[in-house]
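**Student:** I have a structure here, written as structure tokens, and I will follow up with some questions on it.
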Amino acid sequence: MTDTTPRYTGPERVLSGVQPTGRLHLGNYLGALKKFAALQDQGRECLYCVVNMHAMTMPHDPKELVATTRSIAAAYMAAGVDPNKSAIFAQSSVPEHAELAWVLNCVGRMGWLERMTQFKDKAGKDAERASVGLFTYPVLMAADILIYKATHVPVGDDQKQHLELARDIAARFNRDFYKDEIFFPQPDPLIEGPGARVMSLKDGTKKMSKSDPSDLSRLNLEDDADTIAKKIKKAKSDADVLPETAEGLNDRPEARNLVGIYAALNNQSVDEVLAEFGGQGFGVFKPKLADVAVEFFGDVSARYRELRDDQGTIDAVLKQGAEKAREIATPVMDEVRDLVGYWRAS
Ligand code: AQP
């Protein structure tokens with residue numbers, strides 16, 4: 001039997017973004033930035049935005065937001081994103097993100113959003129006082145992706161649920177406004193890889209996060225060698241020696257996290273790391289991990305510091321990236337306006 005399921009035949013595109021909400025850490029680097037750079041040489045058009053509108057969903061300082069938007073753009077470049085290959089831009093420079101988000105707010109369902117665990121985590125016990133923006137954040141994220149008809153989205157594991165929502169919203173839009181044909185493709189998350197979920201250095205059951213009040217919980221992109229070594233020395237571990245195989249790390253969240261970080265930084269599998277360190281304690285393993293982390297971070301941090309101070313270059317890159325992004329977003333939004341029935345002068 002021939003498969004009659006409609007298939008998306010448009011160009012493949014990569015879209016992702018990082019919030020300018022603080023200092024970037026190893027989780028952001030392995031979960032997102034490292035993949036951004038790798039993907040730009042794989043034949044798909046790549047668009048990487050600094051999602052400054054998402055950063056407003058929590059209380060923020062306007063002056064700081066401008067500065068951190070620039071510093072995230074610098075971090076993209078430090079991680080190897082080439083502005084001549086990929087568009088680097090601020091989300092707010094392409095107003096079509098916000099315009100499409102409104103349309104998608106009317107497509108998404110309350111019940112879908114109420115299931116989002118990140119809202120529950122970030123709003124905490126006082127959800128009534130959270131901003132409406134924090135609640136509808138995943139809809140804006142769907143708009144960020146769909147306004148470019150992006151097909152691939154590199155993110156860390158924590159964004160999986162939001163990506164599923166973007167897929168549901170795309171399908172519902174197609175059903176309601178495009179006769180069940182494919183106007184918006186189903187974006188595929190690119191999550192796999194050893195750094196997909198880096199955990200806190202202080203608690204192996206919590207993800208490493210910019211907003212964790214303890215700086216000792218994360219390795220920041222701009223930490224110097226001494227700070228990295230100190231943080232790894234103080235990282236929570238346990239009293240056992242390392243096991244010979246990955247199964248031995250079950251029920252040992254901190255050990256699993258530290259071994260996983262070593263593997264990701266050294267481009268090895270967890271089993272390869274354990275083949276070398278199985279039977280040894282953290283007294284031996286932690287200094288080795290610190291060496292690997294210092295070496296890995298050294299180059300990226302130096303490039304980051306240099307680029308961050310060059311505001312002229314960053315602004316030119318953000319402007320050029322926004323122009324490129326708008327060339328794609330403008331005709332998509334034009335079509336959406338017609339599909340949903342906006343009046344326009346004839
Ligand atoms: N711990 C992590 N491990 C792997 N990937 C991670 N990412 C975040 N934390 C980890 C990925 O980094 C990208 C950018 O994230 P973001 O800043 O847009 O939002 P976030 O997920 O909310 O990041 P943080 O660091 O935890 O910030 P706060 O504390 O502000 O919430 C995404 O691809 C994310 O998956």
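Every chain in the structure tokens takes a letter, A first, then B, and so on in the order presented; its residues are numbered from 1, and the ligands are numbered from 1 following the presented order.
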Looking only at helix (DSSP H, G or I) from DSSP on the backbone, list the matching residues of segment 228-287 of chain A as a PyMOL selection string.
**Tutor:** chain A and resi 228-234+246-249+253-265+270-277+282-287
**Student:** Check every protein, DNA and RNA residue against ligand 1, keep those with an atom at most 9 Å away (counting only C-alpha atoms and all ligand atoms), and present them as a PyMOL selection string.
**Tutor:** chain A and resi 16-33+50-51+54-55+58+118+122+153-160+191+195-200+206-212+218
**Student:** When you look at Ala79 of chain A with a cut-off of 9 Å (counting only C-alpha atoms), what residues show up, excluding the ones that are within fewer than 6 positions of it in the same chain? I need them as a PDB file with N, CA and C atoms, in the first residue's frame.
**Tutor:**
ATOM      1  N   TYR A  29      26.302  24.872  27.487  1.00  0.00           N
ATOM      2  CA  TYR A  29      27.306  24.636  26.436  1.00  0.00           C
ATOM      3  C   TYR A  29      27.118  23.257  25.803  1.00  0.00           C
ATOM      4  N   LEU A  33      24.965  24.978  22.877  1.00  0.00           N
ATOM      5  CA  LEU A  33      25.948  25.697  22.056  1.00  0.00           C
ATOM      6  C   LEU A  33      26.881  24.805  21.224  1.00  0.00           C
ATOM      7  N   LYS A  34      27.318  23.723  21.828  1.00  0.00           N
ATOM      8  CA  LYS A  34      28.243  22.835  21.117  1.00  0.00           C
ATOM      9  C   LYS A  34      27.547  22.249  19.877  1.00  0.00           C
ATOM     10  N   PHE A  36      25.034  23.695  18.317  1.00  0.00           N
ATOM     11  CA  PHE A  36      24.790  24.777  17.339  1.00  0.00           C
ATOM     12  C   PHE A  36      25.938  24.823  16.339  1.00  0.00           C
ATOM     13  N   ALA A  37      27.155  24.808  16.890  1.00  0.00           N
ATOM     14  CA  ALA A  37      28.339  24.946  16.023  1.00  0.00           C
ATOM     15  C   ALA A  37      28.461  23.739  15.096  1.00  0.00           C
ATOM     16  N   VAL A 300      37.489  28.218  25.024  1.00  0.00           N
ATOM     17  CA  VAL A 300      36.188  28.859  24.821  1.00  0.00           C
ATOM     18  C   VAL A 300      36.124  30.149  25.655  1.00  0.00           C
ATOM     19  N   ARG A 303      38.166  33.057  24.172  1.00  0.00           N
ATOM     20  CA  ARG A 303      37.492  33.647  22.991  1.00  0.00           C
ATOM     21  C   ARG A 303      36.270  34.461  23.434  1.00  0.00           C
ATOM     22  N   TYR A 304      35.552  33.925  24.417  1.00  0.00           N
ATOM     23  CA  TYR A 304      34.338  34.591  24.905  1.00  0.00           C
ATOM     24  C   TYR A 304      34.668  35.967  25.486  1.00  0.00           C
TER      25      TYR A 304
END
**Student:** Using only C-alpha atoms, can you tell me which of A:Arg167, A:Lys35, A:Lys85, A:Arg44 comes closest to Val317 of chain A?
**Tutor:**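 Nearest candidate to Val317 of chain A out of A:Arg167, A:Lys35, A:Lys85, A:Arg44: A:Lys85.
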**Student:** From the list A:His60, A:Arg344, A:Arg308, A:Arg7, which residue is nearest Phe183 of chain A when using only C-alpha atoms?
**Tutor:**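 Looking only at the distances to Phe183 of chain A, the closest residue turns out to be A:Arg7.
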**Student:** Quick one: residues within 9 Å of Ala290 of chain A, only C-alpha atoms, excluding same-chain residues fewer than 2 positions away - as a PDB file with N, CA, C and O atoms, in the first residue's frame?
**Tutor:**
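Saved result, selection-v6.pdb, follows:
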ATOM      1  N   ALA A 225      40.677  28.938  35.651  1.00  0.00           N
ATOM      2  CA  ALA A 225      41.139  27.576  35.972  1.00  0.00           C
ATOM      3  C   ALA A 225      41.033  27.276  37.469  1.00  0.00           C
ATOM      4  O   ALA A 225      40.588  26.187  37.864  1.00  0.00           O
ATOM      5  N   ILE A 228      37.404  26.665  38.483  1.00  0.00           N
ATOM      6  CA  ILE A 228      36.910  25.365  37.996  1.00  0.00           C
ATOM      7  C   ILE A 228      37.438  24.246  38.906  1.00  0.00           C
ATOM      8  O   ILE A 228      36.684  23.374  39.357  1.00  0.00           O
ATOM      9  N   ALA A 229      38.743  24.296  39.183  1.00  0.00           N
ATOM     10  CA  ALA A 229      39.343  23.242  40.018  1.00  0.00           C
ATOM     11  C   ALA A 229      38.693  23.231  41.403  1.00  0.00           C
ATOM     12  O   ALA A 229      38.382  22.162  41.959  1.00  0.00           O
ATOM     13  N   LYS A 230      38.453  24.437  41.959  1.00  0.00           N
ATOM     14  CA  LYS A 230      37.850  24.519  43.303  1.00  0.00           C
ATOM     15  C   LYS A 230      36.419  23.945  43.289  1.00  0.00           C
ATOM     16  O   LYS A 230      36.033  23.171  44.173  1.00  0.00           O
ATOM     17  N   LYS A 231      35.664  24.294  42.257  1.00  0.00           N
ATOM     18  CA  LYS A 231      34.269  23.822  42.202  1.00  0.00           C
ATOM     19  C   LYS A 231      34.219  22.296  42.068  1.00  0.00           C
ATOM     20  O   LYS A 231      33.349  21.649  42.648  1.00  0.00           O
ATOM     21  N   ILE A 232      35.135  21.751  41.280  1.00  0.00           N
ATOM     22  CA  ILE A 232      35.116  20.288  41.117  1.00  0.00           C
ATOM     23  C   ILE A 232      35.553  19.605  42.415  1.00  0.00           C
ATOM     24  O   ILE A 232      34.984  18.598  42.833  1.00  0.00           O
ATOM     25  N   LYS A 233      36.518  20.183  43.089  1.00  0.00           N
ATOM     26  CA  LYS A 233      36.960  19.613  44.366  1.00  0.00           C
ATOM     27  C   LYS A 233      35.801  19.586  45.370  1.00  0.00           C
ATOM     28  O   LYS A 233      35.614  18.637  46.126  1.00  0.00           O
ATOM     29  N   TYR A 262      32.790  14.164  32.555  1.00  0.00           N
ATOM     30  CA  TYR A 262      34.125  13.782  32.057  1.00  0.00           C
ATOM     31  C   TYR A 262      33.992  13.210  30.635  1.00  0.00           C
ATOM     32  O   TYR A 262      34.733  13.582  29.720  1.00  0.00           O
ATOM     33  N   PHE A 285      39.840  10.650  40.852  1.00  0.00           N
ATOM     34  CA  PHE A 285      39.052  11.041  39.681  1.00  0.00           C
ATOM     35  C   PHE A 285      38.854  12.564  39.572  1.00  0.00           C
ATOM     36  O   PHE A 285      38.958  13.138  38.478  1.00  0.00           O
ATOM     37  N   LYS A 286      38.581  13.218  40.700  1.00  0.00           N
ATOM     38  CA  LYS A 286      38.248  14.649  40.619  1.00  0.00           C
ATOM     39  C   LYS A 286      39.388  15.499  40.038  1.00  0.00           C
ATOM     40  O   LYS A 286      39.131  16.355  39.188  1.00  0.00           O
ATOM     41  N   PRO A 287      40.650  15.306  40.459  1.00  0.00           N
ATOM     42  CA  PRO A 287      41.710  16.120  39.843  1.00  0.00           C
ATOM     43  C   PRO A 287      41.820  15.892  38.329  1.00  0.00           C
ATOM     44  O   PRO A 287      42.081  16.818  37.570  1.00  0.00           O
ATOM     45  N   LYS A 288      41.571  14.654  37.896  1.00  0.00           N
ATOM     46  CA  LYS A 288      41.614  14.368  36.441  1.00  0.00           C
ATOM     47  C   LYS A 288      40.470  15.093  35.732  1.00  0.00           C
ATOM     48  O   LYS A 288      40.642  15.643  34.648  1.00  0.00           O
ATOM     49  N   VAL A 292      40.656  18.043  32.727  1.00  0.00           N
ATOM     50  CA  VAL A 292      39.917  17.986  31.452  1.00  0.00           C
ATOM     51  C   VAL A 292      39.038  19.233  31.299  1.00  0.00           C
ATOM     52  O   VAL A 292      38.968  19.846  30.228  1.00  0.00           O
ATOM     53  N   ALA A 293      38.370  19.626  32.403  1.00  0.00           N
ATOM     54  CA  ALA A 293      37.461  20.780  32.342  1.00  0.00           C
ATOM     55  C   ALA A 293      38.243  22.076  32.096  1.00  0.00           C
ATOM     56  O   ALA A 293      37.835  22.916  31.295  1.00  0.00           O
ATOM     57  N   VAL A 294      39.377  22.223  32.768  1.00  0.00           N
ATOM     58  CA  VAL A 294      40.178  23.448  32.599  1.00  0.00           C
ATOM     59  C   VAL A 294      40.644  23.556  31.147  1.00  0.00           C
ATOM     60  O   VAL A 294      40.561  24.620  30.527  1.00  0.00           O
ATOM     61  N   GLU A 295      41.090  22.448  30.598  1.00  0.00           N
ATOM     62  CA  GLU A 295      41.577  22.484  29.223  1.00  0.00           C
ATOM     63  C   GLU A 295      40.430  22.818  28.258  1.00  0.00           C
ATOM     64  O   GLU A 295      40.548  23.669  27.384  1.00  0.00           O
TER      65      GLU A 295
END
**Student:** Taking only C-alpha atoms into account, which of A:Ile88, A:Leu165, A:Met56, A:Val336 comes nearest Ala322 of chain A?
**Tutor:**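 Among A:Ile88, A:Leu165, A:Met56, A:Val336, it is A:Ile88 that comes nearest to Ala322 of chain A.
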**Student:** Would you pick out the contacts of Lys120 of chain A at 10 Å or less, using only C-alpha atoms, so that residues sharing its chain but fewer than 6 positions from it are not included, and give the list as number ranges by chain?
**Tutor:** A: 114, 126-127, 130, 134-135
**Student:** Which residue, A:Arg256, A:Arg337, A:Arg13, A:Arg70, has the smallest gap to Ile314 of chain A when you use only C-alpha atoms?
**Tutor:**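 Among the listed residues, the smallest separation from Ile314 of chain A belongs to A:Arg70.
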**Student:** What gap, in Å, lies between atom CA of Ala255 of chain A and atom CA of Val270 of chain A?
**Tutor:**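 We find that atom CA of Ala255 of chain A and atom CA of Val270 of chain A lie 11.2 Å from each other.
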**Student:** Where in segment 9-117 of chain A does DSSP assign strand (DSSP E or B), given as a PyMOL selection string?
**Tutor:** chain A and resi 13-18+25+45-50+86-90
**Student:** Selection from above, N, CA, C and O atoms, as a JSON list (two decimals), in the first residue's frame, can you write it?
**Tutor:**
[["chain", "number", "residue", "atom", "x", "y", "z"],
["A", 13, "ARG", "N", 15.58, 23.29, 8.20],
["A", 13, "ARG", "CA", 16.20, 24.44, 8.89],
["A", 13, "ARG", "C", 16.38, 24.12, 10.36],
["A", 13, "ARG", "O", 15.57, 23.42, 10.95],
["A", 14, "VAL", "N", 17.45, 24.70, 10.91],
["A", 14, "VAL", "CA", 17.74, 24.51, 12.34],
["A", 14, "VAL", "C", 17.46, 25.83, 13.06],
["A", 14, "VAL", "O", 17.87, 26.89, 12.58],
["A", 15, "LEU", "N", 16.75, 25.75, 14.18],
["A", 15, "LEU", "CA", 16.50, 26.96, 14.99],
["A", 15, "LEU", "C", 16.70, 26.61, 16.45],
["A", 15, "LEU", "O", 16.24, 25.56, 16.91],
["A", 16, "SER", "N", 17.39, 27.47, 17.17],
["A", 16, "SER", "CA", 17.42, 27.32, 18.63],
["A", 16, "SER", "C", 17.76, 28.66, 19.26],
["A", 16, "SER", "O", 18.05, 29.64, 18.55],
["A", 17, "GLY", "N", 17.71, 28.69, 20.58],
["A", 17, "GLY", "CA", 18.01, 29.94, 21.27],
["A", 17, "GLY", "C", 18.37, 29.70, 22.72],
["A", 17, "GLY", "O", 18.14, 28.62, 23.27],
["A", 18, "VAL", "N", 18.96, 30.72, 23.31],
["A", 18, "VAL", "CA", 19.33, 30.67, 24.74],
["A", 18, "VAL", "C", 18.83, 31.97, 25.36],
["A", 18, "VAL", "O", 18.91, 33.03, 24.75],
["A", 25, "HIS", "N", 26.52, 28.28, 31.52],
["A", 25, "HIS", "CA", 27.24, 27.23, 32.25],
["A", 25, "HIS", "C", 27.49, 26.03, 31.34],
["A", 25, "HIS", "O", 27.05, 25.99, 30.18],
["A", 45, "GLU", "N", 20.20, 25.22, 6.77],
["A", 45, "GLU", "CA", 20.30, 26.61, 7.17],
["A", 45, "GLU", "C", 20.12, 26.69, 8.68],
["A", 45, "GLU", "O", 19.22, 26.03, 9.23],
["A", 46, "CYS", "N", 20.95, 27.48, 9.36],
["A", 46, "CYS", "CA", 20.87, 27.54, 10.83],
["A", 46, "CYS", "C", 20.54, 28.96, 11.30],
["A", 46, "CYS", "O", 21.15, 29.93, 10.83],
["A", 47, "LEU", "N", 19.63, 29.03, 12.25],
["A", 47, "LEU", "CA", 19.25, 30.33, 12.84],
["A", 47, "LEU", "C", 19.34, 30.18, 14.37],
["A", 47, "LEU", "O", 18.70, 29.29, 14.94],
["A", 48, "TYR", "N", 20.15, 31.05, 14.98],
["A", 48, "TYR", "CA", 20.31, 30.97, 16.43],
["A", 48, "TYR", "C", 19.96, 32.32, 17.04],
["A", 48, "TYR", "O", 20.63, 33.32, 16.79],
["A", 49, "CYS", "N", 18.89, 32.36, 17.82],
["A", 49, "CYS", "CA", 18.51, 33.65, 18.39],
["A", 49, "CYS", "C", 18.82, 33.70, 19.88],
["A", 49, "CYS", "O", 18.93, 32.68, 20.55],
["A", 50, "VAL", "N", 18.99, 34.94, 20.33],
["A", 50, "VAL", "CA", 19.12, 35.18, 21.77],
["A", 50, "VAL", "C", 17.70, 35.51, 22.21],
["A", 50, "VAL", "O", 17.13, 36.53, 21.77],
["A", 86, "SER", "N", 25.68, 31.08, 9.93],
["A", 86, "SER", "CA", 24.41, 30.99, 10.67],
["A", 86, "SER", "C", 23.93, 32.39, 11.01],
["A", 86, "SER", "O", 24.75, 33.27, 11.26],
["A", 87, "ALA", "N", 22.62, 32.57, 11.07],
["A", 87, "ALA", "CA", 22.09, 33.87, 11.52],
["A", 87, "ALA", "C", 22.09, 33.90, 13.04],
["A", 87, "ALA", "O", 21.55, 33.01, 13.69],
["A", 88, "ILE", "N", 22.76, 34.93, 13.59],
["A", 88, "ILE", "CA", 22.74, 35.14, 15.05],
["A", 88, "ILE", "C", 21.98, 36.45, 15.27],
["A", 88, "ILE", "O", 22.35, 37.49, 14.71],
["A", 89, "PHE", "N", 20.91, 36.42, 16.04],
["A", 89, "PHE", "CA", 20.07, 37.63, 16.16],
["A", 89, "PHE", "C", 19.31, 37.62, 17.48],
["A", 89, "PHE", "O", 19.21, 36.58, 18.14],
["A", 90, "ALA", "N", 18.79, 38.80, 17.82],
["A", 90, "ALA", "CA", 17.95, 38.90, 19.02],
["A", 90, "ALA", "C", 16.51, 38.62, 18.62],
["A", 90, "ALA", "O", 16.02, 39.16, 17.62]]
**Student:** What are the nearest atom pairs, with distances in Å to one decimal, for all residues of segment 140-222 of chain A that come at most 9 Å from segment 97-108 of chain A, using only C-alpha atoms, set out by chain and rising residue number as JSON lines?
**Tutor:**
{"residue": "A:Leu140", "atom": "CA", "partner": "A:Ala101", "partner_atom": "CA", "distance": 5.0}
{"residue": "A:Met141", "atom": "CA", "partner": "A:Ala101", "partner_atom": "CA", "distance": 8.1}
{"residue": "A:Ala142", "atom": "CA", "partner": "A:Ala101", "partner_atom": "CA", "distance": 7.5}
{"residue": "A:Ala143", "atom": "CA", "partner": "A:Ala101", "partner_atom": "CA", "distance": 5.1}
{"residue": "A:Asp144", "atom": "CA", "partner": "A:His97", "partner_atom": "CA", "distance": 5.5}
{"residue": "A:Ile145", "atom": "CA", "partner": "A:His97", "partner_atom": "CA", "distance": 8.7}
{"residue": "A:Leu146", "atom": "CA", "partner": "A:Leu100", "partner_atom": "CA", "distance": 8.4}
{"residue": "A:Ile147", "atom": "CA", "partner": "A:His97", "partner_atom": "CA", "distance": 6.5}
{"residue": "A:Leu165", "atom": "CA", "partner": "A:Gly108", "partner_atom": "CA", "distance": 8.4}
{"residue": "A:Asp168", "atom": "CA", "partner": "A:Gly108", "partner_atom": "CA", "distance": 8.0}
{"residue": "A:Ile169", "atom": "CA", "partner": "A:Gly108", "partner_atom": "CA", "distance": 5.7}
{"residue": "A:Ala170", "atom": "CA", "partner": "A:Leu104", "partner_atom": "CA", "distance": 8.7}
{"residue": "A:Arg172", "atom": "CA", "partner": "A:Val107", "partner_atom": "CA", "distance": 6.8}
{"residue": "A:Phe173", "atom": "CA", "partner": "A:Val107", "partner_atom": "CA", "distance": 6.4}
{"residue": "A:Asp176", "atom": "CA", "partner": "A:Val107", "partner_atom": "CA", "distance": 8.6}
